[in-house]
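Below is the file target-v1.cif, which contains mmCIF, C-alpha atoms.
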```cif
data_input
#
loop_
_atom_site.label_atom_id
_atom_site.label_comp_id
_atom_site.auth_asym_id
_atom_site.auth_seq_id
_atom_site.Cartn_x
_atom_site.Cartn_y
_atom_site.Cartn_z
CA MET A 1 20.22 27.21 -33.36
CA ARG A 2 23.25 27.04 -31.06
CA LYS A 3 26.60 27.11 -32.86
CA PRO A 4 28.63 24.00 -32.00
CA ILE A 5 31.92 24.52 -30.15
CA ILE A 6 34.83 22.11 -29.92
CA ALA A 7 37.67 23.08 -27.58
CA GLY A 8 40.99 21.30 -27.25
CA ASN A 9 42.45 21.31 -23.73
CA TRP A 10 46.13 20.54 -24.21
CA LYS A 11 46.66 20.31 -20.45
CA MET A 12 50.36 20.24 -19.41
CA TYR A 13 51.63 18.99 -22.74
CA LYS A 14 53.61 20.54 -25.60
CA THR A 15 56.68 22.72 -25.44
CA ILE A 16 56.55 25.91 -27.50
CA SER A 17 58.04 24.25 -30.58
CA GLN A 18 55.67 21.27 -30.26
CA ALA A 19 52.70 23.60 -29.79
CA ILE A 20 53.63 25.54 -32.92
CA GLU A 21 53.89 22.28 -34.86
CA LEU A 22 50.47 21.10 -33.68
CA ALA A 23 48.83 24.47 -34.34
CA ASN A 24 50.31 24.56 -37.85
CA GLY A 25 49.05 21.06 -38.54
CA LEU A 26 45.55 22.01 -37.42
CA LYS A 27 45.68 25.20 -39.46
CA ARG A 28 46.36 23.12 -42.57
CA ALA A 29 43.60 20.68 -41.64
CA PHE A 30 41.04 23.48 -41.25
CA TYR A 31 42.19 25.81 -44.06
CA ASP A 32 38.89 25.55 -45.95
CA LEU A 33 36.57 25.04 -42.98
CA ASP A 34 33.59 27.39 -42.63
CA ALA A 35 34.25 29.43 -39.49
CA GLU A 36 30.55 30.32 -39.35
CA ALA A 37 29.59 26.68 -38.94
CA ILE A 38 31.54 25.83 -35.80
CA ASP A 39 33.76 27.41 -33.12
CA ILE A 40 37.15 25.74 -32.66
CA VAL A 41 39.18 26.68 -29.59
CA LEU A 42 42.77 25.71 -28.81
CA CYS A 43 43.85 25.89 -25.16
CA PRO A 44 47.62 25.42 -24.88
CA VAL A 45 49.79 25.99 -21.83
CA PHE A 46 50.47 29.60 -20.79
CA THR A 47 54.02 29.56 -22.19
CA ALA A 48 52.79 28.75 -25.71
CA LEU A 49 49.80 31.09 -25.91
CA SER A 50 51.54 33.89 -27.80
CA GLU A 51 53.16 31.61 -30.39
CA VAL A 52 49.98 29.59 -30.98
CA ASN A 53 48.04 32.83 -31.38
CA GLU A 54 50.43 33.93 -34.13
CA VAL A 55 50.04 30.61 -35.95
CA ILE A 56 46.23 30.51 -35.89
CA SER A 57 45.70 34.18 -36.71
CA GLY A 58 43.42 34.38 -39.74
CA SER A 59 42.30 30.76 -39.38
CA PRO A 60 38.91 29.44 -38.17
CA MET A 61 40.49 28.66 -34.79
CA GLN A 62 40.40 30.79 -31.65
CA LEU A 63 42.68 30.91 -28.63
CA GLY A 64 41.80 29.88 -25.10
CA ALA A 65 43.68 29.51 -21.81
CA GLN A 66 43.40 26.72 -19.24
CA ASP A 67 42.95 28.89 -16.14
CA VAL A 68 42.92 32.50 -14.95
CA PHE A 69 43.23 34.48 -11.72
CA TRP A 70 40.50 36.89 -10.62
CA GLN A 71 42.63 40.02 -10.11
CA GLN A 72 43.87 42.34 -12.86
CA GLU A 73 47.35 42.62 -11.36
CA GLY A 74 49.17 42.52 -8.04
CA ALA A 75 51.42 40.52 -5.76
CA PHE A 76 50.08 37.09 -6.79
CA THR A 77 53.20 35.13 -7.67
CA GLY A 78 52.64 32.50 -10.34
CA GLU A 79 49.20 33.71 -11.40
CA VAL A 80 48.01 35.05 -14.78
CA SER A 81 45.31 37.71 -14.96
CA PRO A 82 42.40 38.01 -17.42
CA LEU A 83 43.94 41.23 -18.70
CA MET A 84 47.12 39.34 -19.59
CA LEU A 85 45.17 36.58 -21.34
CA LYS A 86 43.25 39.15 -23.37
CA ASP A 87 46.53 40.88 -24.21
CA VAL A 88 48.04 37.68 -25.61
CA GLY A 89 45.02 37.05 -27.85
CA CYS A 90 42.75 34.77 -25.82
CA LYS A 91 39.02 34.79 -26.45
CA TYR A 92 38.13 31.88 -24.16
CA VAL A 93 39.33 30.53 -20.82
CA ILE A 94 38.64 27.20 -19.12
CA ILE A 95 37.55 27.68 -15.50
CA GLY A 96 36.96 25.09 -12.77
CA HIS A 97 38.29 22.04 -14.59
CA SER A 98 38.06 18.95 -12.41
CA GLU A 99 41.85 18.70 -12.30
CA ARG A 100 42.01 22.22 -10.89
CA ARG A 101 39.41 21.24 -8.29
CA GLN A 102 41.15 17.94 -7.47
CA TYR A 103 44.80 19.03 -7.34
CA PHE A 104 44.82 22.78 -6.74
CA GLY A 105 42.00 23.52 -4.33
CA GLU A 106 39.59 25.10 -6.82
CA THR A 107 36.16 25.67 -5.25
CA ASN A 108 32.81 26.95 -6.43
CA GLN A 109 33.71 30.27 -4.82
CA THR A 110 37.00 30.66 -6.70
CA VAL A 111 35.29 29.51 -9.90
CA ASN A 112 32.68 32.22 -9.40
CA LYS A 113 35.36 34.90 -8.93
CA LYS A 114 37.20 33.75 -12.04
CA VAL A 115 34.05 33.63 -14.17
CA LYS A 116 33.18 37.19 -13.16
CA ALA A 117 36.73 38.43 -13.81
CA ALA A 118 36.81 36.75 -17.23
CA LEU A 119 33.51 38.30 -18.28
CA GLN A 120 34.55 41.74 -17.06
CA ASN A 121 37.59 41.51 -19.32
CA GLY A 122 35.79 40.30 -22.43
CA LEU A 123 36.79 36.66 -22.13
CA ILE A 124 34.30 33.82 -22.60
CA PRO A 125 34.47 31.38 -19.68
CA ILE A 126 34.19 27.65 -20.33
CA MET A 127 32.94 26.72 -16.87
CA CYS A 128 33.44 23.05 -16.01
CA VAL A 129 31.04 21.05 -13.84
CA GLY A 130 30.69 17.36 -13.12
CA GLU A 131 30.56 14.53 -10.63
CA THR A 132 33.14 11.98 -9.46
CA LEU A 133 32.62 8.23 -9.80
CA LYS A 134 31.71 8.00 -6.11
CA GLU A 135 29.12 10.74 -6.47
CA ARG A 136 27.58 9.05 -9.51
CA GLN A 137 27.46 5.70 -7.72
CA GLU A 138 25.70 7.42 -4.83
CA GLU A 139 23.23 8.94 -7.34
CA LYS A 140 24.35 12.48 -6.51
CA THR A 141 25.02 13.60 -10.11
CA PHE A 142 22.20 16.15 -10.26
CA GLU A 143 22.97 17.37 -6.74
CA VAL A 144 26.60 18.02 -7.69
CA LEU A 145 25.67 19.73 -10.96
CA LYS A 146 23.22 21.98 -9.15
CA ASP A 147 25.85 22.87 -6.55
CA HIS A 148 28.53 23.64 -9.16
CA ILE A 149 26.26 25.69 -11.39
CA GLN A 150 24.29 27.66 -8.81
CA ASN A 151 27.40 28.62 -6.85
CA GLY A 152 29.61 29.07 -9.89
CA LEU A 153 27.15 31.52 -11.44
CA THR A 154 25.98 33.31 -8.30
CA GLY A 155 25.71 37.08 -8.61
CA LEU A 156 25.65 37.06 -12.41
CA THR A 157 22.90 38.64 -14.48
CA ALA A 158 21.03 36.80 -17.22
CA GLN A 159 22.86 38.91 -19.80
CA GLU A 160 26.27 38.02 -18.36
CA VAL A 161 25.44 34.32 -18.21
CA SER A 162 24.36 34.30 -21.86
CA ASP A 163 28.00 34.72 -22.86
CA ILE A 164 29.40 31.67 -21.07
CA VAL A 165 29.92 28.07 -22.16
CA ILE A 166 29.31 25.24 -19.70
CA ALA A 167 31.30 22.01 -19.98
CA TYR A 168 29.82 18.93 -18.36
CA GLU A 169 32.71 16.64 -17.54
CA PRO A 170 31.95 13.49 -15.56
CA VAL A 171 35.22 13.21 -13.63
CA TRP A 172 35.16 9.42 -13.83
CA ALA A 173 35.37 9.65 -17.63
CA ILE A 174 38.34 12.03 -17.91
CA GLY A 175 41.51 10.38 -19.13
CA THR A 176 40.19 6.98 -18.10
CA GLY A 177 39.17 5.68 -21.51
CA LYS A 178 35.63 5.48 -20.17
CA ASN A 179 32.99 7.86 -21.33
CA ALA A 180 29.41 8.55 -20.41
CA THR A 181 26.94 7.01 -22.80
CA SER A 182 25.24 9.45 -25.13
CA GLN A 183 22.09 8.98 -23.04
CA GLN A 184 23.95 9.80 -19.80
CA ALA A 185 25.44 12.89 -21.45
CA GLN A 186 22.05 14.04 -22.71
CA GLU A 187 20.45 13.43 -19.32
CA ALA A 188 23.04 15.65 -17.59
CA HIS A 189 22.92 18.35 -20.28
CA GLN A 190 19.14 18.41 -20.18
CA PHE A 191 19.22 18.81 -16.40
CA ILE A 192 21.71 21.69 -16.72
CA ARG A 193 19.51 23.46 -19.27
CA LYS A 194 16.44 23.01 -17.11
CA LEU A 195 18.35 24.38 -14.10
CA LEU A 196 19.47 27.41 -16.11
CA THR A 197 15.84 28.02 -17.08
CA GLU A 198 14.88 28.07 -13.40
CA MET A 199 17.80 30.32 -12.46
CA PHE A 200 17.43 32.78 -15.32
CA ASN A 201 14.89 32.21 -18.10
CA LYS A 202 14.11 29.84 -20.94
CA GLU A 203 15.56 32.03 -23.66
CA ILE A 204 18.92 32.32 -21.89
CA ALA A 205 18.96 28.58 -21.13
CA ASN A 206 18.20 27.73 -24.75
CA ASN A 207 21.04 29.94 -26.00
CA ILE A 208 23.80 28.78 -23.64
CA ARG A 209 26.10 26.21 -25.19
CA ILE A 210 26.84 23.09 -23.15
CA GLN A 211 29.82 20.92 -24.04
CA TYR A 212 30.52 17.33 -23.09
CA GLY A 213 34.01 16.46 -21.85
CA GLY A 214 35.27 13.02 -20.94
CA SER A 215 37.35 10.76 -23.20
CA VAL A 216 35.93 12.28 -26.37
CA LYS A 217 37.30 10.56 -29.48
CA PRO A 218 36.50 10.45 -33.22
CA ASP A 219 34.61 7.19 -32.77
CA ASN A 220 32.15 8.54 -30.16
CA ILE A 221 31.76 12.22 -31.06
CA GLU A 222 28.95 11.72 -33.59
CA GLU A 223 26.71 9.82 -31.19
CA ILE A 224 27.35 12.41 -28.48
CA MET A 225 26.68 15.35 -30.79
CA GLN A 226 23.40 13.84 -31.96
CA GLN A 227 21.91 14.53 -28.53
CA PRO A 228 19.65 17.61 -28.57
CA ASP A 229 21.25 19.37 -25.58
CA VAL A 230 24.89 18.64 -26.46
CA ASP A 231 26.45 21.57 -28.29
CA GLY A 232 30.06 20.52 -28.48
CA ALA A 233 32.96 18.91 -26.68
CA LEU A 234 35.87 19.78 -24.43
CA VAL A 235 38.52 17.41 -25.76
CA GLY A 236 41.58 16.33 -23.79
CA GLY A 237 44.02 13.70 -25.04
CA ALA A 238 42.53 13.50 -28.53
CA SER A 239 43.23 17.22 -29.04
CA LEU A 240 47.00 16.61 -28.92
CA LYS A 241 47.16 15.06 -32.40
CA VAL A 242 46.18 16.69 -35.67
CA ASP A 243 44.37 13.68 -37.11
CA SER A 244 42.20 12.88 -34.10
CA PHE A 245 41.24 16.48 -33.24
CA SER A 246 40.50 17.49 -36.83
CA ASP A 247 38.42 14.32 -37.26
CA ILE A 248 36.42 15.18 -34.12
CA VAL A 249 35.75 18.72 -35.34
CA ILE A 250 34.66 17.66 -38.82
CA ARG A 251 32.44 14.85 -37.56
CA ALA A 252 30.83 17.14 -34.97
CA MET A 253 30.17 19.81 -37.56
CA LYS A 254 28.56 17.36 -39.97
CA VAL A 255 26.18 16.08 -37.29
CA LYS A 256 24.98 19.57 -36.39
CA VAL A 257 24.64 20.66 -40.02
CA LYS A 258 22.44 17.63 -40.74
CA LYS A 259 20.25 18.49 -37.76
#
```
Rewrite the structure of this file - the entire thing - as structure tokens.
Amino acid sequence: MRKPIIAGNWKMYKTISQAIELANGLKRAFYDLDAEAIDIVLCPVFTALSEVNEVISGSPMQLGAQDVFWQQEGAFTGEVSPLMLKDVGCKYVIIGHSERRQYFGETNQTVNKKVKAALQNGLIPIMCVGETLKERQEEKTFEVLKDHIQNGLTGLTAQEVSDIVIAYEPVWAIGTGKNATSQQAQEAHQFIRKLLTEMFNKEIANNIRIQYGGSVKPDNIEEIMQQPDVDGALVGGASLKVDSFSDIVIRAMKVKVKK
């Protein structure tokens, strides 16, 4: 059985003091939570990684970053390497988020480089894939997912791929208040798992965790998590408040325990 994983992407929010406050609030909310039942990942901005790591040390939560560069070091002004993320306490890193693709020129090729660099440095990539509204309206969802996944994972062995998390994020549902129906989420996740079976093998595909991301809230997480191929969520806005994020985690965990 795949262990559920809920990750909070704080995006470009929270100063260091605000991040510490949020992390402390979540630490209190999860003080008696069974860390074996669910993985909880916090992904603050780079400037707050060290402080958040100190706060959540010894708690059920783990640290993640929102992006990474593919070189260990060098003359790459403004970039942060996987070695640096590992050094500050990160276990996970989000790669290829739709906002990185939309605003900062991220491509399947750069995603692939970053995934490889993360794995080589002992980080678990959360690789994001998903279609825009236009692509969905043109019925290109599966075509886009295939393109993102095949090219994002090119050159990786089955063993390497087994360590990653894939986040399906329909771009039209991110920060819009809209979200894919549970059936639409399951349809996409099922396609991704089938594609992974074809690319690698059934055992690997069955073990890879696939998250849903796109306006996830406490009132829709249970229905989403009830889908057989949905293993968690990549949460945006709702991860910025203690009450909403802790509610999402607890509801998600209960659904998977019942199953």
>> With all atoms listed in the file as the counted atoms, please give the residues lying no more than 12 Å from Asn201 in chain A, apart from itself and same-chain residues fewer than 4 positions off, as number ranges by chain.
In response: A: 157-159, 161-162, 193-197, 205-208
>> Please expand the PyMOL selection byres ((chain A and resi 58) around 12) into the concrete residues it hits in this file, giving the result as JSON, numbers by chain.
In response: {"A": [27, 28, 30, 31, 32, 35, 52, 53, 54, 55, 56, 57, 59, 60, 61, 62, 63]}
> So how many Å separate CA of Cys128 in chain A and CA of Glu169 in chain A, to one decimal?
Replying inline: 6.6 Å
> Care to translate the PyMOL selection byres ((chain A and resi 115) around 8) into actual residues of this file, as a PyMOL selection string?
Replying inline: chain A and resi 95+111-114+116-119+125+127+152-153
>> What's the separation between CA of Ile248 in chain A and CA of Asp229 in chain A, in Å to one decimal place?
In response: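 Interatomic distance here is 17.9 Å.
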> Quick one: residues within 9 Å of Val242 in chain A, all atoms listed in the file counted, chain neighbours fewer than 4 positions away excluded, as a list of chain:residue names?
Replying inline: A:Leu22, A:Ala23, A:Gly25, A:Leu26, A:Ala29, A:Ala238, A:Ser246, A:Asp247
> What does the distance between CA of Thr15 in chain A and CA of Thr107 in chain A come to in Å, to one decimal place?
Replying inline: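 Between CA of Thr15 in chain A and CA of Thr107 in chain A the gap works out to 28.9 Å.
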> Leaving out Glu73 in chain A and any residue of its chain fewer than 6 positions from it, which residues lie within 10 Å of it when counting only C-alpha atoms, given as a PyMOL selection string?
Replying inline: chain A and resi 79-84
Expansion of the PyMOL selection byres ((chain A and resi 186) around 10) into residues, as a PDB file with C-alpha atoms, in the frame of the given file:
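Contents of the output file out_13.pdb:
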```pdb
ATOM      1  CA  ALA A 180      29.410   8.550 -20.410  1.00  0.00           C
ATOM      2  CA  THR A 181      26.940   7.010 -22.800  1.00  0.00           C
ATOM      3  CA  SER A 182      25.240   9.450 -25.130  1.00  0.00           C
ATOM      4  CA  GLN A 183      22.090   8.980 -23.040  1.00  0.00           C
ATOM      5  CA  GLN A 184      23.950   9.800 -19.800  1.00  0.00           C
ATOM      6  CA  ALA A 185      25.440  12.890 -21.450  1.00  0.00           C
ATOM      7  CA  GLU A 187      20.450  13.430 -19.320  1.00  0.00           C
ATOM      8  CA  ALA A 188      23.040  15.650 -17.590  1.00  0.00           C
ATOM      9  CA  HIS A 189      22.920  18.350 -20.280  1.00  0.00           C
ATOM     10  CA  GLN A 190      19.140  18.410 -20.180  1.00  0.00           C
ATOM     11  CA  PHE A 191      19.220  18.810 -16.400  1.00  0.00           C
ATOM     12  CA  ILE A 192      21.710  21.690 -16.720  1.00  0.00           C
ATOM     13  CA  TYR A 212      30.520  17.330 -23.090  1.00  0.00           C
ATOM     14  CA  ILE A 224      27.350  12.410 -28.480  1.00  0.00           C
ATOM     15  CA  MET A 225      26.680  15.350 -30.790  1.00  0.00           C
ATOM     16  CA  GLN A 226      23.400  13.840 -31.960  1.00  0.00           C
ATOM     17  CA  GLN A 227      21.910  14.530 -28.530  1.00  0.00           C
ATOM     18  CA  PRO A 228      19.650  17.610 -28.570  1.00  0.00           C
ATOM     19  CA  ASP A 229      21.250  19.370 -25.580  1.00  0.00           C
ATOM     20  CA  VAL A 230      24.890  18.640 -26.460  1.00  0.00           C
TER      21      VAL A 230
END
```
>> Could you check the closest approach to Ala173 in chain A for each of A:Glu198, A:Glu222, A:Glu203, A:Glu131 and tell me which residue wins, using all atoms listed in the file?
In response: A:Glu131
